[in-house]
>>> print(open('start.cif').read())   # mmCIF, C-alpha atoms
data_my_file
loop_
_atom_site.label_atom_id
_atom_site.label_comp_id
_atom_site.auth_asym_id
_atom_site.auth_seq_id
_atom_site.Cartn_x
_atom_site.Cartn_y
_atom_site.Cartn_z
CA MET A 1 -61.81 51.90 45.62
CA ASN A 2 -58.60 50.05 46.47
CA ALA A 3 -57.71 49.02 42.89
CA PRO A 4 -55.85 52.25 41.90
CA ALA A 5 -53.68 52.05 45.03
CA VAL A 6 -52.60 48.51 44.16
CA LYS A 7 -51.61 49.57 40.66
CA THR A 8 -49.45 52.43 41.83
CA GLN A 9 -47.78 50.59 44.74
CA ALA A 10 -44.05 50.40 44.16
CA LEU A 11 -42.46 46.95 43.99
CA VAL A 12 -39.35 48.30 45.74
CA SER A 13 -39.53 50.95 48.45
CA ALA A 14 -36.64 52.27 50.57
CA ARG A 15 -37.30 54.73 53.41
CA ASP A 16 -34.58 56.64 55.27
CA LEU A 17 -32.01 53.88 54.70
CA ALA A 18 -28.77 54.47 56.60
CA LYS A 19 -25.64 52.44 57.25
CA THR A 20 -22.87 53.43 59.66
CA PHE A 21 -19.59 51.52 59.94
CA ASP A 22 -17.39 51.63 63.03
CA VAL A 23 -13.86 52.10 61.65
CA SER A 24 -12.25 52.92 64.99
CA PRO A 25 -8.79 51.66 65.94
CA PRO A 26 -8.70 48.85 68.53
CA TRP A 27 -9.94 49.77 72.03
CA LEU A 28 -6.47 49.75 73.63
CA ASN A 29 -5.05 52.05 70.94
CA ARG A 30 -7.89 54.52 71.52
CA VAL A 31 -7.31 54.49 75.27
CA LEU A 32 -3.53 54.98 75.00
CA GLU A 33 -3.77 57.62 72.26
CA ARG A 34 -6.91 59.21 73.73
CA LYS A 35 -8.76 59.11 70.44
CA PRO A 36 -12.55 58.92 70.05
CA ARG A 37 -14.42 56.27 68.07
CA LEU A 38 -14.51 56.82 64.30
CA LEU A 39 -17.87 56.31 62.57
CA LEU A 40 -18.26 56.25 58.80
CA HIS A 41 -21.76 57.24 57.62
CA ALA A 42 -21.65 55.39 54.29
CA VAL A 43 -25.38 55.87 53.60
CA ASP A 44 -27.40 58.51 55.41
CA GLY A 45 -31.16 58.70 54.93
CA VAL A 46 -31.76 57.44 51.36
CA SER A 47 -35.38 57.05 50.19
CA PHE A 48 -36.74 55.99 46.79
CA ASP A 49 -39.38 53.83 45.05
CA ILE A 50 -39.07 51.62 41.96
CA GLN A 51 -42.15 50.57 40.04
CA LYS A 52 -42.39 46.99 38.72
CA GLY A 53 -40.58 46.55 35.38
CA LYS A 54 -38.69 49.85 35.69
CA THR A 55 -35.03 50.76 36.26
CA LEU A 56 -33.71 53.20 38.85
CA ALA A 57 -30.07 54.17 38.36
CA LEU A 58 -27.95 55.52 41.21
CA VAL A 59 -24.99 57.61 40.07
CA GLY A 60 -22.22 59.57 41.75
CA GLU A 61 -18.48 59.71 42.26
CA SER A 62 -16.61 56.83 43.88
CA GLY A 63 -17.19 56.57 47.62
CA CYS A 64 -20.63 58.18 47.66
CA GLY A 65 -22.38 55.08 49.03
CA LYS A 66 -23.89 53.52 45.89
CA SER A 67 -22.53 50.01 46.46
CA THR A 68 -23.50 50.14 50.14
CA VAL A 69 -27.10 50.82 49.09
CA ALA A 70 -26.91 47.80 46.78
CA ARG A 71 -25.70 45.55 49.60
CA LEU A 72 -28.38 46.86 51.94
CA LEU A 73 -31.10 45.95 49.44
CA VAL A 74 -30.01 42.33 49.05
CA GLY A 75 -29.48 41.80 52.78
CA LEU A 76 -25.67 41.61 52.76
CA TYR A 77 -25.67 44.53 55.23
CA GLU A 78 -28.11 45.22 58.05
CA PRO A 79 -29.29 48.86 58.00
CA THR A 80 -28.37 51.09 60.92
CA ARG A 81 -31.63 52.96 60.38
CA GLY A 82 -34.58 52.93 58.02
CA SER A 83 -36.42 50.20 56.13
CA PHE A 84 -36.61 48.47 52.76
CA HIS A 85 -39.83 46.89 51.52
CA PHE A 86 -40.19 44.55 48.57
CA ASP A 87 -43.71 43.80 47.34
CA GLY A 88 -45.05 45.03 50.68
CA GLN A 89 -42.71 42.87 52.80
CA GLY A 90 -40.09 44.27 55.15
CA VAL A 91 -37.00 42.62 53.67
CA HIS A 92 -34.56 42.65 56.59
CA ALA A 93 -37.15 41.38 59.07
CA THR A 94 -38.36 38.68 56.64
CA LEU A 95 -34.83 37.40 55.90
CA LYS A 96 -34.51 36.35 59.57
CA THR A 97 -37.61 34.13 59.32
CA PRO A 98 -38.36 30.88 57.39
CA GLN A 99 -39.93 33.10 54.68
CA GLY A 100 -36.50 34.60 53.99
CA LYS A 101 -35.42 31.86 51.57
CA PRO A 102 -38.34 32.33 49.13
CA LEU A 103 -37.73 36.09 49.31
CA ARG A 104 -34.07 35.62 48.34
CA GLN A 105 -35.20 33.82 45.19
CA ARG A 106 -37.06 36.98 44.15
CA ILE A 107 -34.11 39.36 44.82
CA GLN A 108 -30.72 38.70 43.23
CA MET A 109 -27.53 40.68 42.60
CA ILE A 110 -25.03 41.07 39.75
CA PHE A 111 -21.64 42.08 41.14
CA GLN A 112 -19.20 44.59 39.72
CA ASP A 113 -16.14 42.46 39.01
CA PRO A 114 -16.74 39.34 36.90
CA TYR A 115 -13.16 38.26 37.64
CA ALA A 116 -13.77 38.12 41.41
CA SER A 117 -17.43 37.08 41.65
CA LEU A 118 -17.00 33.65 39.99
CA ASN A 119 -15.28 30.76 41.78
CA PRO A 120 -12.23 29.88 39.60
CA ARG A 121 -12.26 26.26 40.83
CA TRP A 122 -15.84 25.59 39.70
CA THR A 123 -17.13 24.84 36.22
CA VAL A 124 -19.80 27.10 34.73
CA GLU A 125 -22.33 24.32 35.35
CA ASP A 126 -21.52 24.37 39.08
CA ILE A 127 -21.57 28.17 39.26
CA ILE A 128 -24.96 28.63 37.59
CA GLY A 129 -26.44 25.49 39.13
CA GLU A 130 -25.52 26.40 42.73
CA PRO A 131 -28.51 28.71 43.45
CA LEU A 132 -30.87 26.20 41.79
CA LYS A 133 -29.65 23.44 44.13
CA GLU A 134 -29.43 25.74 47.17
CA HIS A 135 -33.08 26.77 46.83
CA GLY A 136 -34.20 23.23 46.03
CA LEU A 137 -35.61 24.28 42.65
CA ILE A 138 -34.04 21.39 40.71
CA THR A 139 -32.61 18.20 42.24
CA ASP A 140 -32.34 15.90 39.19
CA ARG A 141 -28.89 16.16 37.57
CA ASP A 142 -30.10 15.91 33.97
CA ALA A 143 -32.80 18.52 34.57
CA LEU A 144 -30.20 20.77 36.20
CA ARG A 145 -27.87 20.49 33.19
CA ALA A 146 -30.76 21.28 30.84
CA ARG A 147 -31.72 24.36 32.89
CA VAL A 148 -28.10 25.62 33.01
CA GLY A 149 -27.94 25.24 29.22
CA GLU A 150 -31.14 27.29 28.84
CA LEU A 151 -29.78 30.04 31.09
CA LEU A 152 -26.50 30.19 29.14
CA GLN A 153 -28.39 30.50 25.85
CA SER A 154 -30.59 33.27 27.32
CA VAL A 155 -27.47 35.45 27.80
CA GLY A 156 -25.95 34.69 24.38
CA LEU A 157 -23.63 31.81 25.32
CA SER A 158 -23.72 28.15 24.31
CA ALA A 159 -24.90 25.20 26.41
CA LYS A 160 -21.53 23.58 25.56
CA ASP A 161 -19.79 26.24 27.67
CA MET A 162 -21.01 24.68 30.94
CA VAL A 163 -18.01 22.32 31.16
CA LYS A 164 -15.52 25.20 31.02
CA TYR A 165 -13.95 27.22 33.85
CA PRO A 166 -14.17 31.03 34.33
CA HIS A 167 -10.56 31.62 33.21
CA GLN A 168 -11.48 30.33 29.74
CA PHE A 169 -13.84 33.27 29.12
CA SER A 170 -13.37 36.98 28.38
CA GLY A 171 -14.58 39.65 30.80
CA GLY A 172 -17.83 40.21 28.93
CA GLN A 173 -18.54 36.47 28.79
CA ARG A 174 -17.86 36.14 32.52
CA GLN A 175 -20.36 38.90 33.24
CA ARG A 176 -22.91 37.05 31.09
CA ILE A 177 -22.30 33.99 33.27
CA SER A 178 -22.92 36.17 36.35
CA ILE A 179 -26.21 37.36 34.82
CA ALA A 180 -27.22 33.76 34.03
CA ARG A 181 -26.49 32.76 37.64
CA ALA A 182 -28.61 35.65 38.94
CA LEU A 183 -31.50 34.66 36.65
CA GLY A 184 -31.47 31.04 37.83
CA THR A 185 -34.04 31.52 40.60
CA GLU A 186 -36.29 33.55 38.26
CA PRO A 187 -36.01 36.76 40.33
CA GLU A 188 -38.25 39.79 39.97
CA PHE A 189 -35.73 42.36 41.26
CA LEU A 190 -32.07 42.54 40.21
CA VAL A 191 -29.54 44.76 41.97
CA CYS A 192 -26.78 45.53 39.46
CA ASP A 193 -23.63 46.95 41.08
CA GLU A 194 -21.71 48.58 38.21
CA PRO A 195 -22.05 45.41 36.09
CA THR A 196 -20.22 46.88 33.07
CA SER A 197 -17.55 49.11 34.65
CA ALA A 198 -14.80 46.46 34.33
CA LEU A 199 -15.55 45.84 30.64
CA ASP A 200 -14.44 47.44 27.36
CA VAL A 201 -16.87 49.92 25.82
CA SER A 202 -17.92 47.63 22.95
CA VAL A 203 -18.51 44.74 25.37
CA GLN A 204 -20.43 47.07 27.71
CA ALA A 205 -22.97 47.71 24.96
CA GLN A 206 -23.48 43.98 24.37
CA VAL A 207 -24.07 43.26 28.07
CA LEU A 208 -26.41 46.25 28.47
CA ASN A 209 -28.46 45.18 25.45
CA ILE A 210 -28.79 41.66 26.91
CA MET A 211 -29.99 43.16 30.21
CA LYS A 212 -32.53 45.37 28.42
CA ASP A 213 -33.85 42.42 26.39
CA LEU A 214 -34.14 40.27 29.53
CA GLN A 215 -35.99 43.06 31.34
CA GLN A 216 -38.54 43.35 28.55
CA ALA A 217 -38.97 39.58 28.19
CA ARG A 218 -39.26 38.81 31.92
CA GLY A 219 -40.65 42.05 33.37
CA LEU A 220 -37.57 42.50 35.59
CA THR A 221 -37.10 45.46 37.92
CA TYR A 222 -33.55 46.86 38.19
CA LEU A 223 -31.57 48.97 40.60
CA PHE A 224 -28.61 49.93 38.42
CA ILE A 225 -25.50 51.32 40.13
CA SER A 226 -23.11 53.24 37.89
CA HIS A 227 -20.74 56.21 37.68
CA ASN A 228 -21.09 56.33 33.88
CA LEU A 229 -23.85 58.76 32.90
CA ALA A 230 -23.80 57.62 29.27
CA VAL A 231 -24.66 54.08 30.41
CA VAL A 232 -27.36 55.42 32.74
CA ARG A 233 -28.95 57.36 29.89
CA HIS A 234 -29.25 54.10 27.95
CA VAL A 235 -30.77 51.87 30.66
CA ALA A 236 -32.60 53.96 33.27
CA ASP A 237 -36.16 55.18 33.68
CA GLN A 238 -35.34 57.22 36.80
CA VAL A 239 -32.01 58.55 38.02
CA GLY A 240 -30.90 59.23 41.58
CA VAL A 241 -27.74 61.29 42.13
CA MET A 242 -25.81 60.52 45.33
CA TYR A 243 -23.21 62.61 47.09
CA LEU A 244 -21.42 61.54 50.29
CA GLY A 245 -24.06 59.04 51.35
CA ARG A 246 -27.13 61.15 50.54
CA LEU A 247 -29.49 61.45 47.59
CA VAL A 248 -29.27 65.02 46.29
CA GLU A 249 -31.53 64.67 43.22
CA LEU A 250 -34.08 62.10 42.06
CA ALA A 251 -35.87 62.58 38.76
CA ASP A 252 -37.19 60.98 35.60
CA LYS A 253 -34.29 60.32 33.21
CA HIS A 254 -35.49 62.72 30.51
CA ALA A 255 -36.11 65.53 33.02
CA LEU A 256 -32.73 65.09 34.67
CA PHE A 257 -30.68 65.08 31.47
CA ALA A 258 -32.69 67.94 29.92
CA ALA A 259 -32.77 70.26 32.94
CA PRO A 260 -30.66 69.15 35.95
CA ARG A 261 -31.49 71.13 39.09
CA HIS A 262 -28.84 70.34 41.71
CA PRO A 263 -25.42 72.04 41.18
CA TYR A 264 -23.65 68.68 41.61
CA THR A 265 -25.78 67.04 38.91
CA ARG A 266 -25.03 69.99 36.61
CA MET A 267 -21.30 69.58 37.19
CA LEU A 268 -21.45 65.85 36.39
CA LEU A 269 -23.38 66.45 33.18
CA ASP A 270 -21.18 69.37 32.11
CA ALA A 271 -18.13 67.10 32.36
CA ILE A 272 -19.47 64.66 29.74
CA PRO A 273 -17.90 65.13 26.27
CA LYS A 274 -20.58 65.99 23.70
CA MET A 275 -20.32 65.02 20.03
CA HIS A 276 -21.90 68.23 18.71
CA ALA A 277 -20.19 70.63 21.10
CA THR A 278 -16.80 70.71 19.39
CA GLY A 279 -14.80 73.74 20.42
CA GLN A 280 -17.00 74.58 23.42
CA ALA A 281 -15.32 74.72 26.80
CA ARG A 282 -16.33 71.91 29.14
CA THR A 283 -16.86 72.52 32.84
CA PRO A 284 -14.71 70.07 34.83
CA VAL A 285 -16.01 68.65 38.11
CA SER A 286 -14.08 70.95 40.44
CA GLY A 287 -12.67 69.93 43.79
CA GLU A 288 -12.64 66.49 45.38
CA VAL A 289 -15.08 64.48 47.45
CA PRO A 290 -14.44 65.36 51.13
CA ASN A 291 -13.20 62.79 53.63
CA PRO A 292 -16.32 60.83 54.65
CA LEU A 293 -14.89 60.40 58.14
CA SER A 294 -15.06 64.18 58.66
CA PRO A 295 -17.70 65.50 56.24
CA PRO A 296 -18.33 69.24 55.92
CA SER A 297 -21.01 70.83 58.07
CA GLY A 298 -24.40 71.67 56.58
CA CYS A 299 -24.70 70.67 52.91
CA ALA A 300 -21.82 68.31 52.18
CA PHE A 301 -21.44 69.81 48.70
CA HIS A 302 -21.03 73.44 49.83
CA PRO A 303 -17.16 73.54 49.63
CA ARG A 304 -17.43 72.79 45.86
CA CYS A 305 -20.66 74.64 45.09
CA PRO A 306 -20.61 78.04 43.32
CA HIS A 307 -24.07 78.89 44.76
CA ALA A 308 -23.35 78.17 48.45
CA ASN A 309 -24.25 80.75 51.09
CA ALA A 310 -24.22 80.91 54.91
CA ARG A 311 -27.29 78.65 55.22
CA CYS A 312 -25.60 75.96 53.10
CA VAL A 313 -22.63 75.93 55.50
CA THR A 314 -24.74 75.31 58.61
CA GLU A 315 -28.00 73.56 57.61
CA ILE A 316 -28.38 70.14 55.95
CA PRO A 317 -30.91 70.45 53.08
CA ASN A 318 -33.96 68.17 53.01
CA MET A 319 -35.44 66.61 49.88
CA VAL A 320 -38.00 69.03 48.40
CA ASN A 321 -40.63 67.84 45.92
CA PHE A 322 -41.03 69.73 42.65
CA PRO A 323 -43.39 68.73 39.79
CA THR A 324 -40.89 66.44 38.02
CA VAL A 325 -37.99 66.11 40.46
CA ARG A 326 -36.95 65.81 44.12
CA VAL A 327 -33.94 67.94 45.08
CA ALA A 328 -31.99 68.50 48.30
CA CYS A 329 -30.55 71.97 47.74
CA HIS A 330 -31.10 75.28 49.53
CA ALA A 331 -30.28 77.29 46.39
CA VAL A 332 -32.95 75.43 44.37
CA GLU A 333 -35.47 75.68 47.21
CA GLU A 334 -34.87 79.44 47.53
CA ARG A 335 -34.99 79.77 43.70
CA ARG A 336 -31.49 81.27 43.58
CA ILE A 337 -30.76 78.89 40.67
#
>>> encode(input="start.cif", output="structure tokens")
Amino acid sequence: MNAPAVKTQALVSARDLAKTFDVSPPWLNRVLERKPRLLLHAVDGVSFDIQKGKTLALVGESGCGKSTVARLLVGLYEPTRGSFHFDGQGVHATLKTPQGKPLRQRIQMIFQDPYASLNPRWTVEDIIGEPLKEHGLITDRDALRARVGELLQSVGLSAKDMVKYPHQFSGGQRQRISIARALGTEPEFLVCDEPTSALDVSVQAQVLNIMKDLQQARGLTYLFISHNLAVVRHVADQVGVMYLGRLVELADKHALFAAPRHPYTRMLLDAIPKMHATGQARTPVSGEVPNPLSPPSGCAFHPRCPHANARCVTEIPNMVNFPTVRVACHAVEERRI
């Protein structure tokens, strides 16, 4: 009787994840100027599941909390509230125990900027070999060099490149080195924080194709952070749309692109240029993201939403389950749109 439950259990499960940063001025300044503490709710109650071998993409405008979610999942930040489970283990509790090191081998991260995430003073061999030595996976120098060469070849580079330094590579090649480093511990879950946003479009396609091939060959599970919906359409199985720290829509990729439900998702998709829509007027994403230090009351999107009413101004919408999508929107819930 328990077999079906095991099959459907998500490899990655986040529940009500929240992260609040204290960005207040120093205590003396607050006392003299009589100002209260300032709290930034970067992530506020995010929940999702990712099945093994699948890709969940989180999209949204800059400052909506995508990268904070990424750092919460790999343990770089401690959550203010909520939990994150990987393969049934509570990640943040486990990382504080001796079992934390084996867990870190199974969860790795690819950072956004390949120019900043690689140590310029280290050779490629040192960069890719560091996690292998840190986790005690390989101690013999010759075996380490052979493994680094294999990892370089797996991302389309040559084993001869290991003696070079990061400055001798292009942006796309540096990101391939970052991917090779992340693959060193043979992880099962990769958190990819906008891994192609700093690259040219043609190079983006090459890196994305490498990531897709690696996923199929190794059964990897991805959380893919991006603001580029065209990239998301290429790599994702599910898409979560974030706005000001909250998930506003979570759906299968095909359902979301074919029939977006949340007004914010519709605005993002309407703003994408379409090859076969020449001459048609495009709907720009109107307004700006509010100041996260003083977010609007009720639904954070209501100042920009054409469907907002009095309830939207006062009441924060909860995620509502529909057959193919989860949406946090009063207008959708009340079937006004």
>>> residues_near_point(input="start.cif", point="(-17.0, 63.8, 54.9)", cutoff="10 Å", atoms="only C-alpha atoms", output="number ranges by chain")
A: 40-42, 64, 244-245, 289-297, 300-301
>>> closest_residue(input="start.cif", among="A:Ile210, A:Ala180, A:Ala331, A:Val69", to="Phe224 (chain A)", atoms="only C-alpha atoms")
A:Val69
>>> closest_residue(input="start.cif", among="A:Met211, A:Val46, A:Val31, A:Leu256", to="Ser154 (chain A)", atoms="all atoms listed in the file")
A:Met211
>>> atom_distance(input="start.cif", atom1="CA of Val325 (chain A)", atom2="CA of Pro260 (chain A)")
9.1 Å
>>> resolve_selection(input="start.cif", expression="the PyMOL selection byres ((chain A and resi 177) around 9)", output="VMD selection string")
chain A and resid 114 118 124 127 to 128 151 to 152 155 157 166 172 to 176 178 to 182
>>> closest_residue(input="start.cif", among="A:Gln216, A:Ser158, A:Gln112, A:Asn318", to="Leu199 (chain A)", atoms="all atoms listed in the file")
A:Gln112
>>> residues_around(input="start.cif", residues="Lys212 (chain A)", least_positions_apart="5", cutoff="9 Å", atoms="only C-alpha atoms", output="list of chain:residue names")
A:Val207, A:Ala217, A:Val235
>>> closest_atom_pairs(input="start.cif", of="region 62-141 of chain A", to="region 19-26 of chain A", cutoff="10 Å", atoms="all atoms listed in the file", output="Markdown table")
| residue | atom | partner | partner_atom | distance |
| --- | --- | --- | --- | --- |
| A:Gly65 | CA | A:Lys19 | CA | 9.2 |
| A:Thr68 | CA | A:Lys19 | CA | 7.8 |
| A:Val69 | CA | A:Lys19 | CA | 8.4 |
| A:Leu72 | CA | A:Lys19 | CA | 8.2 |
| A:Tyr77 | CA | A:Lys19 | CA | 8.2 |
| A:Glu78 | CA | A:Lys19 | CA | 7.7 |
| A:Pro79 | CA | A:Lys19 | CA | 5.2 |
| A:Thr80 | CA | A:Lys19 | CA | 4.8 |
| A:Arg81 | CA | A:Lys19 | CA | 6.8 |
| A:Gly82 | CA | A:Lys19 | CA | 9.0 |
>>> closest_residue(input="start.cif", among="A:Glu315, A:Gln105, A:Ala143, A:Gly129", to="Thr185 (chain A)", atoms="all atoms listed in the file")
A:Gln105
>>> atom_distance(input="start.cif", atom1="CA of Ile316 (chain A)", atom2="CA of Ser83 (chain A)")
21.5 Å
>>> residues_around(input="start.cif", residues="Pro306 (chain A)", least_positions_apart="6", cutoff="12 Å", atoms="only C-alpha atoms", output="number ranges by chain")
A: 262-264, 266-267, 285-287, 312, 331, 336-337
>>> write_last_selection(input="start.cif", atoms="C-alpha atoms", output="short mmCIF file (atom, residue, chain, number, x, y, z; two decimals), in the frame of the given file")
data_model
loop_
_atom_site.label_atom_id
_atom_site.label_comp_id
_atom_site.auth_asym_id
_atom_site.auth_seq_id
_atom_site.Cartn_x
_atom_site.Cartn_y
_atom_site.Cartn_z
CA HIS A 262 -28.84 70.34 41.71
CA PRO A 263 -25.42 72.04 41.18
CA TYR A 264 -23.65 68.68 41.61
CA ARG A 266 -25.03 69.99 36.61
CA MET A 267 -21.30 69.58 37.19
CA VAL A 285 -16.01 68.65 38.11
CA SER A 286 -14.08 70.95 40.44
CA GLY A 287 -12.67 69.93 43.79
CA CYS A 312 -25.60 75.96 53.10
CA ALA A 331 -30.28 77.29 46.39
CA ARG A 336 -31.49 81.27 43.58
CA ILE A 337 -30.76 78.89 40.67
#
